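Heads up, query09.tsv below (TSV, C-alpha atoms):
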```
chain	number	residue	atom	x	y	z
A	1	MET	CA	86.10	86.45	75.66
A	2	LYS	CA	83.72	83.82	74.26
A	3	ARG	CA	86.47	81.21	74.51
A	4	TYR	CA	87.04	82.23	78.14
A	5	ILE	CA	83.33	81.93	78.97
A	6	LEU	CA	83.20	78.50	77.34
A	7	PHE	CA	86.20	77.44	79.36
A	8	ILE	CA	84.64	78.61	82.62
A	9	LEU	CA	81.46	76.70	81.82
A	10	LEU	CA	83.60	73.64	81.23
A	11	PHE	CA	85.49	74.20	84.46
A	12	VAL	CA	82.40	74.70	86.60
A	13	ASN	CA	80.87	71.51	85.28
A	14	ILE	CA	78.81	70.56	88.33
A	15	SER	CA	78.90	66.93	89.42
A	16	TYR	CA	76.31	65.75	91.88
A	17	GLY	CA	77.47	63.91	94.97
A	18	ILE	CA	78.41	64.65	98.55
A	19	THR	CA	78.81	68.36	99.27
A	20	VAL	CA	81.45	69.77	101.58
A	21	GLU	CA	78.75	70.59	104.16
A	22	GLU	CA	77.54	66.99	104.12
A	23	ALA	CA	81.14	65.78	104.37
A	24	ILE	CA	81.73	67.97	107.44
A	25	LYS	CA	78.55	66.66	109.07
A	26	ARG	CA	79.58	63.05	108.44
A	27	ALA	CA	83.08	63.70	109.80
A	28	LYS	CA	81.66	65.09	113.04
A	29	GLU	CA	79.55	61.95	113.38
A	30	ASN	CA	82.32	59.46	112.55
A	31	LEU	CA	85.77	60.80	113.44
A	32	PRO	CA	87.29	59.36	116.65
A	33	LEU	CA	89.03	62.72	117.14
A	34	TYR	CA	85.67	64.37	117.84
A	35	TYR	CA	84.58	61.75	120.36
A	36	GLN	CA	87.98	61.93	122.01
A	37	GLY	CA	87.47	65.67	122.55
A	38	LEU	CA	83.86	65.10	123.63
A	39	SER	CA	84.96	62.61	126.31
A	40	ASP	CA	87.52	65.10	127.61
A	41	PHE	CA	84.83	67.79	127.73
A	42	ARG	CA	82.46	65.49	129.62
A	43	SER	CA	85.14	64.61	132.16
A	44	TYR	CA	85.51	68.30	133.05
A	45	PHE	CA	81.74	68.68	133.14
A	46	TYR	CA	81.40	65.84	135.64
A	47	ALA	CA	84.28	67.25	137.69
A	48	TYR	CA	82.41	70.56	137.80
A	49	ARG	CA	79.19	68.85	138.92
A	50	SER	CA	81.20	67.01	141.54
A	51	SER	CA	82.52	70.31	142.93
A	52	VAL	CA	78.93	71.57	143.32
A	53	SER	CA	78.10	68.53	145.47
A	54	GLN	CA	80.60	69.69	148.10
A	55	PHE	CA	78.10	72.29	149.32
A	56	PHE	CA	75.60	69.66	150.49
A	57	PRO	CA	75.66	68.00	153.92
A	58	SER	CA	76.57	64.34	154.20
A	59	LEU	CA	74.37	61.66	155.75
A	60	SER	CA	75.93	58.37	156.82
A	61	TYR	CA	74.91	55.17	158.53
A	62	GLY	CA	77.19	53.06	160.69
A	63	PHE	CA	76.99	49.64	162.29
A	64	SER	CA	79.39	47.89	164.61
A	65	TYR	CA	79.39	44.54	166.36
A	66	THR	CA	81.84	43.59	169.09
A	67	ARG	CA	82.22	40.37	171.10
A	68	TYR	CA	84.22	40.35	174.33
A	69	SER	CA	85.80	36.99	175.24
A	70	ASP	CA	86.34	37.19	178.96
A	71	LYS	CA	85.69	34.88	181.86
A	72	LYS	CA	82.08	34.29	182.66
A	73	PRO	CA	79.94	36.13	183.50
A	74	PHE	CA	81.85	38.86	181.69
A	75	ASN	CA	81.61	37.14	178.30
A	76	TYR	CA	79.27	39.38	176.26
A	77	PHE	CA	78.77	41.24	172.99
A	78	SER	CA	77.58	44.67	171.86
A	79	ARG	CA	76.16	46.12	168.67
A	80	THR	CA	75.55	49.71	167.65
A	81	HIS	CA	73.56	51.42	164.89
A	82	SER	CA	74.26	55.07	164.18
A	83	LEU	CA	72.88	57.69	161.80
A	84	SER	CA	75.01	60.80	161.38
A	85	LEU	CA	74.49	64.12	159.62
A	86	SER	CA	77.49	66.37	159.14
A	87	TRP	CA	77.88	69.65	157.31
A	88	SER	CA	81.00	71.60	156.63
A	89	ILE	CA	79.80	75.19	156.89
A	90	TYR	CA	83.18	76.66	156.07
A	91	ASN	CA	86.31	74.70	155.15
A	92	SER	CA	88.95	77.40	154.81
A	93	GLY	CA	87.53	78.54	151.47
A	94	TYR	CA	88.56	75.33	149.69
A	95	ARG	CA	85.05	74.30	148.67
A	96	TYR	CA	84.10	77.63	147.09
A	97	PHE	CA	87.36	78.24	145.23
A	98	ASP	CA	87.56	74.62	144.09
A	99	TYR	CA	84.07	75.05	142.65
A	100	ARG	CA	85.08	78.27	140.89
A	101	SER	CA	88.22	76.65	139.48
A	102	ALA	CA	86.25	73.61	138.24
A	103	LEU	CA	83.74	75.93	136.57
A	104	HIS	CA	86.45	77.74	134.61
A	105	ARG	CA	88.14	74.47	133.64
A	106	TYR	CA	84.81	73.18	132.39
A	107	ARG	CA	84.35	76.31	130.26
A	108	ALA	CA	87.93	76.00	128.98
A	109	SER	CA	87.26	72.39	127.93
A	110	GLU	CA	84.15	73.54	126.06
A	111	TYR	CA	86.26	75.95	124.00
A	112	SER	CA	88.87	73.21	123.50
A	113	LEU	CA	86.13	71.02	122.02
A	114	ASP	CA	85.29	73.89	119.66
A	115	GLU	CA	88.95	73.91	118.57
A	116	ILE	CA	88.76	70.20	117.79
A	117	ILE	CA	85.63	70.78	115.71
A	118	LEU	CA	87.46	73.52	113.80
A	119	ASP	CA	90.33	71.10	113.16
A	120	ILE	CA	87.86	68.58	111.76
A	121	VAL	CA	86.22	71.20	109.54
A	122	PHE	CA	89.62	72.29	108.22
A	123	GLN	CA	90.74	68.72	107.53
A	124	VAL	CA	87.53	67.92	105.65
A	125	LYS	CA	87.64	71.15	103.62
A	126	TYR	CA	91.30	70.58	102.81
A	127	ALA	CA	90.69	66.99	101.68
A	128	TYR	CA	87.58	68.00	99.72
A	129	LEU	CA	89.35	70.84	97.93
A	130	LYS	CA	92.30	68.59	97.09
A	131	SER	CA	89.88	66.01	95.68
A	132	ALA	CA	88.03	68.66	93.67
A	133	ALA	CA	91.31	70.00	92.25
A	134	ALA	CA	92.50	66.45	91.52
A	135	LYS	CA	89.24	65.78	89.69
A	136	GLU	CA	89.64	68.94	87.59
A	137	ARG	CA	93.27	68.07	86.93
A	138	LEU	CA	92.19	64.59	85.82
A	139	LYS	CA	89.59	66.10	83.50
A	140	PHE	CA	92.17	68.38	81.90
A	141	ARG	CA	94.66	65.55	81.51
A	142	LYS	CA	92.00	63.58	79.67
A	143	ILE	CA	91.60	66.58	77.38
A	144	GLN	CA	95.39	66.74	76.97
A	145	PHE	CA	95.48	63.02	76.21
A	146	ARG	CA	92.82	63.38	73.52
A	147	ALA	CA	94.61	66.40	72.05
A	148	ALA	CA	97.97	64.59	72.01
A	149	LYS	CA	96.30	61.56	70.43
A	150	ALA	CA	94.70	63.76	67.77
A	151	ASP	CA	98.08	65.41	67.05
A	152	TYR	CA	99.71	62.00	66.78
A	153	GLU	CA	97.03	60.67	64.41
A	154	LEU	CA	97.24	63.87	62.35
A	155	ALA	CA	101.01	63.45	62.04
A	156	ILE	CA	100.53	59.85	60.89
A	157	ASP	CA	98.00	60.93	58.26
A	158	LYS	CA	100.30	63.69	56.99
A	159	LYS	CA	103.23	61.26	56.92
A	160	LYS	CA	101.19	58.91	54.72
A	161	LEU	CA	100.60	61.82	52.36
A	162	GLY	CA	104.30	62.62	52.38
A	163	LEU	CA	103.76	66.03	53.92
A	164	VAL	CA	105.91	65.52	57.02
A	165	LYS	CA	108.99	63.54	58.00
A	166	ARG	CA	109.09	60.42	60.16
A	167	SER	CA	110.70	62.45	62.94
A	168	ASP	CA	107.48	64.49	63.19
A	169	VAL	CA	105.51	61.31	63.81
A	170	LEU	CA	108.01	60.13	66.42
A	171	GLN	CA	107.90	63.44	68.27
A	172	ALA	CA	104.10	63.40	68.23
A	173	LYS	CA	104.18	59.86	69.61
A	174	VAL	CA	106.51	60.90	72.44
A	175	ARG	CA	104.09	63.66	73.40
A	176	PHE	CA	101.19	61.19	73.19
A	177	GLU	CA	102.95	58.73	75.51
A	178	ASN	CA	103.81	61.54	77.93
A	179	ALA	CA	100.16	62.59	77.99
A	180	LYS	CA	99.16	58.97	78.70
A	181	TYR	CA	101.71	58.84	81.54
A	182	SER	CA	100.36	62.09	83.03
A	183	LEU	CA	96.81	60.75	82.78
A	184	VAL	CA	97.69	57.59	84.72
A	185	GLN	CA	99.40	59.73	87.34
A	186	ALA	CA	96.36	62.03	87.65
A	187	GLU	CA	94.03	59.05	88.07
A	188	ASN	CA	96.21	57.78	90.91
A	189	GLU	CA	96.31	61.20	92.62
A	190	TYR	CA	92.54	61.52	92.38
A	191	ARG	CA	91.96	58.07	93.91
A	192	LYS	CA	94.28	58.90	96.82
A	193	SER	CA	92.62	62.27	97.41
A	194	VAL	CA	89.16	60.71	97.51
A	195	ALA	CA	90.44	57.96	99.83
A	196	GLU	CA	91.72	60.63	102.22
A	197	LEU	CA	88.30	62.28	102.23
A	198	ASN	CA	86.54	58.92	102.67
A	199	SER	CA	88.70	58.19	105.70
A	200	LEU	CA	87.58	61.44	107.33
A	201	ILE	CA	83.86	60.97	106.68
A	202	GLY	CA	83.65	57.32	107.62
A	203	LEU	CA	83.29	55.74	104.18
A	204	PRO	CA	85.26	52.79	102.75
A	205	LEU	CA	88.57	54.01	101.35
A	206	LYS	CA	87.78	52.61	97.90
A	207	ASN	CA	84.33	54.21	97.81
A	208	ASP	CA	83.75	56.14	94.57
A	209	THR	CA	82.65	59.34	96.28
A	210	GLU	CA	81.42	61.97	93.83
A	211	ILE	CA	83.01	65.39	94.38
A	212	ASP	CA	81.28	68.68	93.61
A	213	THR	CA	84.00	70.64	91.79
A	214	SER	CA	81.96	73.85	91.72
A	215	ILE	CA	83.25	74.54	95.23
A	216	LEU	CA	86.52	75.71	93.66
A	217	ASP	CA	84.76	78.57	91.92
A	218	LYS	CA	83.39	79.77	95.28
A	219	TYR	CA	86.90	80.45	96.56
A	220	THR	CA	87.89	82.68	93.63
A	221	GLU	CA	85.82	85.57	95.04
A	222	ASN	CA	87.69	88.40	96.74
A	223	ASN	CA	85.60	88.49	99.91
A	224	PHE	CA	88.09	88.65	102.80
A	225	PRO	CA	88.61	91.70	105.07
A	226	ASP	CA	91.97	93.39	105.62
A	227	PHE	CA	94.59	92.27	108.12
A	228	GLU	CA	93.52	94.53	110.99
A	229	LYS	CA	89.95	93.30	110.75
A	230	LEU	CA	91.16	89.69	110.59
A	231	LYS	CA	93.15	90.21	113.78
A	232	GLU	CA	90.15	91.78	115.49
A	233	ILE	CA	87.95	88.82	114.55
A	234	ALA	CA	90.54	86.27	115.71
A	235	PHE	CA	91.09	87.92	119.10
A	236	SER	CA	87.35	88.07	119.73
A	237	VAL	CA	86.15	84.64	118.53
A	238	ARG	CA	89.12	82.20	118.52
A	239	PRO	CA	88.14	79.37	120.92
A	240	GLU	CA	91.75	78.66	121.89
A	241	ILE	CA	92.14	82.22	123.18
A	242	LYS	CA	88.90	81.91	125.16
A	243	SER	CA	90.04	78.56	126.53
A	244	LEU	CA	93.34	80.00	127.76
A	245	LYS	CA	91.53	82.94	129.38
A	246	GLU	CA	89.34	80.49	131.29
A	247	THR	CA	92.44	78.48	132.27
A	248	VAL	CA	94.04	81.64	133.70
A	249	LYS	CA	90.88	82.28	135.74
A	250	ALA	CA	90.90	78.66	136.95
A	251	TYR	CA	94.46	78.99	138.27
A	252	GLU	CA	93.63	82.35	139.85
A	253	GLU	CA	90.81	80.70	141.79
A	254	SER	CA	93.08	77.79	142.74
A	255	SER	CA	95.72	80.17	144.11
A	256	LYS	CA	93.13	81.66	146.48
A	257	ILE	CA	92.71	78.25	148.09
A	258	TYR	CA	96.21	78.53	149.56
A	259	ILE	CA	95.55	82.02	150.93
A	260	PHE	CA	92.37	80.95	152.70
A	261	GLN	CA	94.09	77.90	154.20
A	262	TYR	CA	95.21	80.32	156.92
A	263	THR	CA	91.58	80.64	158.03
A	264	PRO	CA	89.79	78.07	160.23
A	265	SER	CA	87.22	75.51	159.14
A	266	VAL	CA	83.82	75.16	160.82
A	267	ASN	CA	81.69	71.99	160.88
A	268	VAL	CA	78.42	70.98	162.53
A	269	PHE	CA	77.19	67.46	163.18
A	270	TYR	CA	74.23	65.55	164.57
A	271	SER	CA	74.23	61.83	165.34
A	272	ILE	CA	71.64	59.30	166.58
A	273	ASN	CA	72.98	56.09	168.11
A	274	ASN	CA	71.12	52.93	169.09
A	275	SER	CA	73.18	50.27	170.86
A	276	TYR	CA	72.69	47.00	172.68
A	277	SER	CA	75.11	45.30	175.01
A	278	GLY	CA	74.81	41.86	176.52
A	279	TYR	CA	76.19	43.30	179.71
A	280	PHE	CA	74.61	46.76	179.89
A	281	GLY	CA	71.43	46.19	177.86
A	282	LYS	CA	69.85	48.71	175.48
A	283	ASP	CA	71.01	52.25	175.16
A	284	ARG	CA	69.88	55.07	172.87
A	285	TYR	CA	71.44	58.47	172.70
A	286	SER	CA	72.05	61.37	170.32
A	287	SER	CA	74.80	63.92	170.01
A	288	TYR	CA	75.30	67.18	168.20
A	289	GLY	CA	77.89	69.86	168.15
A	290	ILE	CA	80.07	72.29	166.28
A	291	THR	CA	83.78	72.00	165.64
A	292	LEU	CA	86.34	74.62	164.73
A	293	ASP	CA	89.66	73.54	163.33
A	294	TRP	CA	92.40	76.07	162.75
A	295	VAL	CA	95.86	75.11	161.57
A	296	ILE	CA	97.95	77.95	162.95
A	297	PHE	CA	101.34	76.72	161.80
A	298	SER	CA	102.37	73.83	159.56
A	299	GLY	CA	105.75	74.92	158.31
A	300	LEU	CA	106.04	76.87	155.04
A	301	LYS	CA	104.10	74.42	152.88
A	302	ARG	CA	101.05	76.65	152.43
A	303	TYR	CA	103.23	79.62	151.57
A	304	TYR	CA	105.17	77.77	148.89
A	305	ASP	CA	102.00	76.17	147.53
A	306	TYR	CA	100.64	79.68	147.08
A	307	LEU	CA	103.80	80.86	145.30
A	308	SER	CA	103.66	77.79	143.03
A	309	SER	CA	100.04	78.50	142.11
A	310	LYS	CA	100.82	82.15	141.32
A	311	GLU	CA	103.58	81.03	138.95
A	312	LYS	CA	101.07	78.81	137.17
A	313	VAL	CA	98.84	81.86	136.74
A	314	ARG	CA	101.76	83.81	135.27
A	315	TYR	CA	102.68	80.88	133.03
A	316	ASN	CA	99.23	80.77	131.48
A	317	ARG	CA	99.08	84.55	131.12
A	318	TYR	CA	102.33	84.45	129.16
A	319	ALA	CA	100.97	81.50	127.18
A	320	LEU	CA	97.96	83.64	126.26
A	321	LYS	CA	100.20	86.50	125.13
A	322	GLU	CA	102.34	84.08	123.12
A	323	LEU	CA	99.25	82.60	121.49
A	324	LYS	CA	98.03	86.06	120.44
A	325	ARG	CA	101.47	86.93	119.09
A	326	SER	CA	101.58	83.69	117.12
A	327	ILE	CA	98.06	84.17	115.74
A	328	GLU	CA	98.82	87.75	114.72
A	329	LEU	CA	101.99	86.68	112.89
A	330	ASN	CA	100.30	83.72	111.19
A	331	LEU	CA	97.41	85.89	110.07
A	332	PHE	CA	99.79	88.49	108.65
A	333	LYS	CA	101.71	85.86	106.67
A	334	LYS	CA	98.57	84.14	105.45
A	335	ASN	CA	97.08	87.49	104.46
A	336	GLU	CA	100.19	88.18	102.38
A	337	ASP	CA	99.81	84.70	100.87
A	338	LEU	CA	96.21	85.57	100.06
A	339	LYS	CA	97.20	88.71	98.16
A	340	THR	CA	99.82	86.74	96.24
A	341	ALA	CA	97.32	83.96	95.51
A	342	TYR	CA	94.87	86.45	93.97
A	343	THR	CA	97.64	87.86	91.76
A	344	LYS	CA	98.80	84.39	90.71
A	345	LEU	CA	95.24	83.39	89.86
A	346	GLU	CA	94.79	86.40	87.57
A	347	LEU	CA	98.10	85.66	85.85
A	348	ALA	CA	97.20	81.98	85.49
A	349	ARG	CA	93.85	82.92	83.96
A	350	THR	CA	95.57	85.22	81.43
A	351	ILE	CA	98.17	82.57	80.59
A	352	LEU	CA	95.42	80.01	80.03
A	353	GLU	CA	93.48	82.30	77.69
A	354	GLN	CA	96.61	83.06	75.65
A	355	ALA	CA	97.70	79.41	75.58
A	356	GLU	CA	94.27	78.34	74.33
A	357	ILE	CA	94.33	80.96	71.55
A	358	ASN	CA	97.90	80.04	70.63
A	359	TYR	CA	97.12	76.31	70.43
A	360	LYS	CA	94.14	76.81	68.14
A	361	GLN	CA	96.19	79.12	65.92
A	362	VAL	CA	99.14	76.71	65.64
A	363	LEU	CA	96.83	73.73	65.11
A	364	GLY	CA	95.19	75.52	62.18
A	365	GLU	CA	98.57	76.44	60.72
A	366	TYR	CA	99.82	72.86	61.07
A	367	LYS	CA	96.76	71.49	59.29
A	368	ALA	CA	97.34	74.04	56.54
A	369	GLY	CA	101.00	73.03	56.29
A	370	THR	CA	102.40	76.42	57.32
A	371	SER	CA	103.69	75.23	60.71
A	372	ASP	CA	105.75	72.25	61.87
A	373	ILE	CA	105.11	69.56	64.47
A	374	ILE	CA	107.49	71.16	66.98
A	375	ALA	CA	105.40	74.33	67.14
A	376	LEU	CA	102.20	72.30	67.51
A	377	LEU	CA	103.55	70.11	70.30
A	378	THR	CA	105.00	73.13	72.07
A	379	ALA	CA	101.65	74.92	71.89
A	380	GLU	CA	99.80	71.84	73.12
A	381	SER	CA	102.27	71.37	75.97
A	382	SER	CA	101.96	75.05	76.92
A	383	LEU	CA	98.17	74.73	77.01
A	384	ALA	CA	98.44	71.63	79.21
A	385	SER	CA	100.79	73.46	81.56
A	386	ALA	CA	98.43	76.47	81.65
A	387	HIS	CA	95.53	74.19	82.63
A	388	GLU	CA	97.61	72.70	85.46
A	389	THR	CA	98.75	76.13	86.64
A	390	TYR	CA	95.21	77.49	86.66
A	391	VAL	CA	93.84	74.60	88.74
A	392	GLN	CA	96.80	74.79	91.11
A	393	SER	CA	96.32	78.56	91.51
A	394	ILE	CA	92.69	78.10	92.50
A	395	LEU	CA	93.63	75.31	94.92
A	396	GLU	CA	96.32	77.47	96.54
A	397	LEU	CA	93.87	80.34	96.91
A	398	ALA	CA	91.22	78.06	98.42
A	399	ILE	CA	93.64	76.46	100.87
A	400	THR	CA	94.95	79.89	101.90
A	401	LYS	CA	91.39	80.99	102.64
A	402	ILE	CA	90.47	77.96	104.73
A	403	SER	CA	93.82	78.30	106.55
A	404	ILE	CA	92.89	81.88	107.46
A	405	GLU	CA	89.46	80.71	108.65
A	406	ARG	CA	91.17	78.09	110.82
A	407	GLU	CA	93.52	80.71	112.25
A	408	LEU	CA	90.55	82.97	112.98
A	409	GLY	CA	88.66	80.16	114.69
A	410	VAL	CA	85.59	80.19	112.43
A	411	GLU	CA	84.06	77.60	110.12
A	412	ASP	CA	82.98	80.18	107.54
A	413	ILE	CA	84.26	83.76	107.57
A	414	ASN	CA	81.17	85.00	105.74
A	415	LYS	CA	79.04	84.20	108.79
A	416	VAL	CA	81.26	86.41	110.95
A	417	TRP	CA	82.38	89.05	108.46
A	418	GLY	CA	78.91	89.38	106.92
A	419	SER	CA	77.41	90.33	110.27
A	420	ARG	CA	79.87	93.17	110.84
```

In structure tokens, write the structure found in this file.
Amino acid sequence: MKRYILFILLFVNISYGITVEEAIKRAKENLPLYYQGLSDFRSYFYAYRSSVSQFFPSLSYGFSYTRYSDKKPFNYFSRTHSLSLSWSIYNSGYRYFDYRSALHRYRASEYSLDEIILDIVFQVKYAYLKSAAAKERLKFRKIQFRAAKADYELAIDKKKLGLVKRSDVLQAKVRFENAKYSLVQAENEYRKSVAELNSLIGLPLKNDTEIDTSILDKYTENNFPDFEKLKEIAFSVRPEIKSLKETVKAYEESSKIYIFQYTPSVNVFYSINNSYSGYFGKDRYSSYGITLDWVIFSGLKRYYDYLSSKEKVRYNRYALKELKRSIELNLFKKNEDLKTAYTKLELARTILEQAEINYKQVLGEYKAGTSDIIALLTAESSLASAHETYVQSILELAITKISIERELGVEDINKVWGSR
């Protein structure tokens, strides 16, 4: 148990640098993906504000100038200034239902922006966790390299004393070179992982960003609810579901436009005109009135437009059902992956403890001359593999958890689950 505690302390060795929260904040400030979604959201917002403006009357000014080229004395000109106020009191329901449709599309775009933010959070967490695991893997490979080097040097010393054969030295050297190869590979993987994170948070790709590896320990806790509760959370908070619901409402409002096209439109107007004619002189007059326009028959266009809009409503309702089905299935599979990941982590932890004990035992026996180089190298290789498996098990568990959070539509499940 003491060895295990010492190992955990080694594993949780905290390095100070950018935290995952800071990385997420930087990504939101720098990623073009966010600003792309923000521009789309703003376009729907302005379209909504535009639909509100339809309820106001319109005021217009007009000017005309005309010259008549006729035989004298009938050669003259005229000019007119006019100021007109018009107001569509009722336009066959189009204005109201267009406003309602624009409102729901605006709300849908807001939820779509939330989905983009969740994508960004997931990408940053994924890249950060990969970098943290790569850093831990690099640390363990350095330990493996030093252990293989020590085994190689020990074999050389024992060969000089005539205690082992030359083949023992050669085998130790092969293991040493393999450890060096693995170390170079781990260094490359770590650099690439950090570069991926740097790209997301707006830093130079070659920037030596310091990763806080203690985040891996956070994801080893068993703090997720069961499948039914996960499904309940997803169906109540997932922005994509809310967005599709608003889209359905938008098409429902749009379909009403075609029904109310069978009703008349009513407009009022008032106009002031000031004119001057070289032939008639000055003239000033005003006019006002009310108009009613009713399209009684225009073929079957309005009818088929209505049927088309109703099909769009059905399409989006089915899309909503399909989305829920897909989310439910994905959550079930990821929840099964989560259970497996917990089991694999416990097994990896046990394997690591046993491999560490075995290596120390064989190393002592080899120094005492009661064991051969094959047993030592096998034990050292098993310990190295156990280290790799343990780190990979934690990474798989962490990625499974953030994948579930993404499927739920939350940045941190503890903020949602903790309040229930």

Please, which residues in stretch 93-180 of chain A fall within 10 Å of stretch 410-419 of chain A when counting only C-alpha atoms, and what is the closest atom pair and distance in Å to one decimal for each, ordered by chain then residue number, as CSV?
```
residue,atom,partner,partner_atom,distance
A:Asp114,CA,A:Val410,CA,9.6
A:Glu115,CA,A:Val410,CA,9.4
A:Ile117,CA,A:Glu411,CA,9.0
A:Leu118,CA,A:Glu411,CA,6.5
A:Asp119,CA,A:Glu411,CA,9.5
A:Ile120,CA,A:Glu411,CA,9.9
A:Val121,CA,A:Glu411,CA,6.8
A:Phe122,CA,A:Glu411,CA,7.9
A:Lys125,CA,A:Glu411,CA,9.8
```

Practice task
Could you jot down the atom CA of A:Lys180 to atom CA of A:Phe145 separation for me, Å, one decimal place?
Solution key: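 If I compute the distance from atom CA of A:Lys180 to atom CA of A:Phe145, I get 6.0 Å.
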
*Identify, on the basis of all atoms listed in the file, every residue whose closest approach to A:Phe56 does not exceed 12 Å; exclude the query and any residue fewer than 6 positions from it along the same chain; express the result as a list of chain:residue names.*
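In the requested form, the answer reads A:Ser50, A:Leu85, A:Ser86, A:Trp87, A:Ser88, A:Ile89, A:Tyr90, A:Arg95.
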
Notebook entry, point to check: What gap, in Å, lies between atom CA of A:Ala148 and atom CA of A:Val194?
Noted result: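 Distance reported for this atom pair: 27.3 Å.
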
- request: Find the residues around A:Gly369 up to 10 Å (all atoms listed in the file counted), leave out those fewer than 5 positions away in its own chain, and share them as an MDAnalysis selection string.
  value: chainID A and resid 158 163:164 363:364

A:Glu221 proximity check over A:Lys401, A:Arg107, A:Lys159, A:Arg26, using all atoms listed in the file: winner is A:Lys401

Min atom-atom distance to A:Trp294 from the set A:Gln144, A:Ser51, A:Asn91, A:Tyr318, counting all atoms listed in the file, belongs to A:Asn91

Near stretch 323-340 of chain A, counting only C-alpha atoms, which residues have an atom at most 12 Å away, once you skip same-chain residues fewer than 3 positions from it, shown as an NGL selection string? :A and (219-236 or 238-245 or 316-320 or 343-347 or 393-409)

Skip A:Gly93 itself and residues of its chain fewer than 3 positions away, then list as an mmCIF file with C-alpha atoms, in the frame of the given file all residues within 12 Å of it, counting all atoms listed in the file.
```cif
data_model
loop_
_atom_site.group_PDB
_atom_site.id
_atom_site.type_symbol
_atom_site.label_atom_id
_atom_site.label_comp_id
_atom_site.auth_asym_id
_atom_site.auth_seq_id
_atom_site.Cartn_x
_atom_site.Cartn_y
_atom_site.Cartn_z
ATOM 1 C CA GLN A 54 80.600 69.690 148.100
ATOM 2 C CA PHE A 55 78.100 72.290 149.320
ATOM 3 C CA SER A 88 81.000 71.600 156.630
ATOM 4 C CA ILE A 89 79.800 75.190 156.890
ATOM 5 C CA TYR A 90 83.180 76.660 156.070
ATOM 6 C CA TYR A 96 84.100 77.630 147.090
ATOM 7 C CA PHE A 97 87.360 78.240 145.230
ATOM 8 C CA ASP A 98 87.560 74.620 144.090
ATOM 9 C CA TYR A 99 84.070 75.050 142.650
ATOM 10 C CA ARG A 100 85.080 78.270 140.890
ATOM 11 C CA GLU A 253 90.810 80.700 141.790
ATOM 12 C CA SER A 254 93.080 77.790 142.740
ATOM 13 C CA SER A 255 95.720 80.170 144.110
ATOM 14 C CA LYS A 256 93.130 81.660 146.480
ATOM 15 C CA ILE A 257 92.710 78.250 148.090
ATOM 16 C CA TYR A 258 96.210 78.530 149.560
ATOM 17 C CA ILE A 259 95.550 82.020 150.930
ATOM 18 C CA PHE A 260 92.370 80.950 152.700
ATOM 19 C CA GLN A 261 94.090 77.900 154.200
ATOM 20 C CA TYR A 262 95.210 80.320 156.920
ATOM 21 C CA THR A 263 91.580 80.640 158.030
ATOM 22 C CA PRO A 264 89.790 78.070 160.230
ATOM 23 C CA SER A 265 87.220 75.510 159.140
ATOM 24 C CA VAL A 266 83.820 75.160 160.820
#
```

Exercise. Which distance in Å separates atom CA of A:Leu300 and atom CA of A:Glu246, to one decimal?
Worked result: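 Taking atom CA of A:Leu300 and atom CA of A:Glu246, their separation equals 29.3 Å.
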
Please determine, counting all atoms listed in the file, which residue among A:Ser101, A:Ser193, A:Asn267, A:Ser382 has the shortest atom-to-atom distance to A:Asn207.
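Among the listed residues, A:Ser193 lies closest to A:Asn207.
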
Please determine an axis-aligned box that encloses all atoms of stretch 37-53 of chain A listed in the file, with 5 Å added on each side, and express its centre and edge lengths in Å to one decimal as AutoDock Vina command-line options.
```
--center_x 82.8 --center_y 67.1 --center_z 134.0 --size_x 19.4 --size_y 19.0 --size_z 32.9
```

**Message:** Please determine, counting only C-alpha atoms, which residue among A:Asp217, A:Tyr190, A:Gly202, A:Phe176 has the shortest atom-to-atom distance to A:Lys135.
**Reply:**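 Comparing A:Asp217, A:Tyr190, A:Gly202, A:Phe176 against A:Lys135, the winner is A:Tyr190.
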
Between A:Thr247, A:Asn198, A:Asn274, A:Asn30, which one has atoms that come closest to A:Leu103, using all atoms listed in the file?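 Residue with the minimum atom-to-atom distance to A:Leu103: A:Thr247.
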
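Closest approach to A:Val362 from the set A:Ile143, A:Ala375, A:Ala127, A:Ala341 is made by A:Ala375, with distances taken over all atoms listed in the file.
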
Contact residues around A:Ile351 with only C-alpha atoms at 12 Å, ignoring same-chain residues under 5 positions, as a list in words =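 These residues fall inside the cut-off: Tyr4, Lys344, Leu345, Glu346, Glu356, Ile357, Asn358, Tyr359, Ser382, Leu383, Ala384, Ser385, Ala386, His387, Glu388, Thr389, Tyr390 and Ser393 of chain A.
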
Selection from above, C-alpha atoms, as an mmCIF file, in the frame of the given file, can you write it?
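Full text of result12.cif as output:
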```
data_model
loop_
_atom_site.group_PDB
_atom_site.id
_atom_site.type_symbol
_atom_site.label_atom_id
_atom_site.label_comp_id
_atom_site.auth_asym_id
_atom_site.auth_seq_id
_atom_site.Cartn_x
_atom_site.Cartn_y
_atom_site.Cartn_z
ATOM 1 C CA TYR A 4 87.040 82.230 78.140
ATOM 2 C CA LYS A 344 98.800 84.390 90.710
ATOM 3 C CA LEU A 345 95.240 83.390 89.860
ATOM 4 C CA GLU A 346 94.790 86.400 87.570
ATOM 5 C CA GLU A 356 94.270 78.340 74.330
ATOM 6 C CA ILE A 357 94.330 80.960 71.550
ATOM 7 C CA ASN A 358 97.900 80.040 70.630
ATOM 8 C CA TYR A 359 97.120 76.310 70.430
ATOM 9 C CA SER A 382 101.960 75.050 76.920
ATOM 10 C CA LEU A 383 98.170 74.730 77.010
ATOM 11 C CA ALA A 384 98.440 71.630 79.210
ATOM 12 C CA SER A 385 100.790 73.460 81.560
ATOM 13 C CA ALA A 386 98.430 76.470 81.650
ATOM 14 C CA HIS A 387 95.530 74.190 82.630
ATOM 15 C CA GLU A 388 97.610 72.700 85.460
ATOM 16 C CA THR A 389 98.750 76.130 86.640
ATOM 17 C CA TYR A 390 95.210 77.490 86.660
ATOM 18 C CA SER A 393 96.320 78.560 91.510
#
```
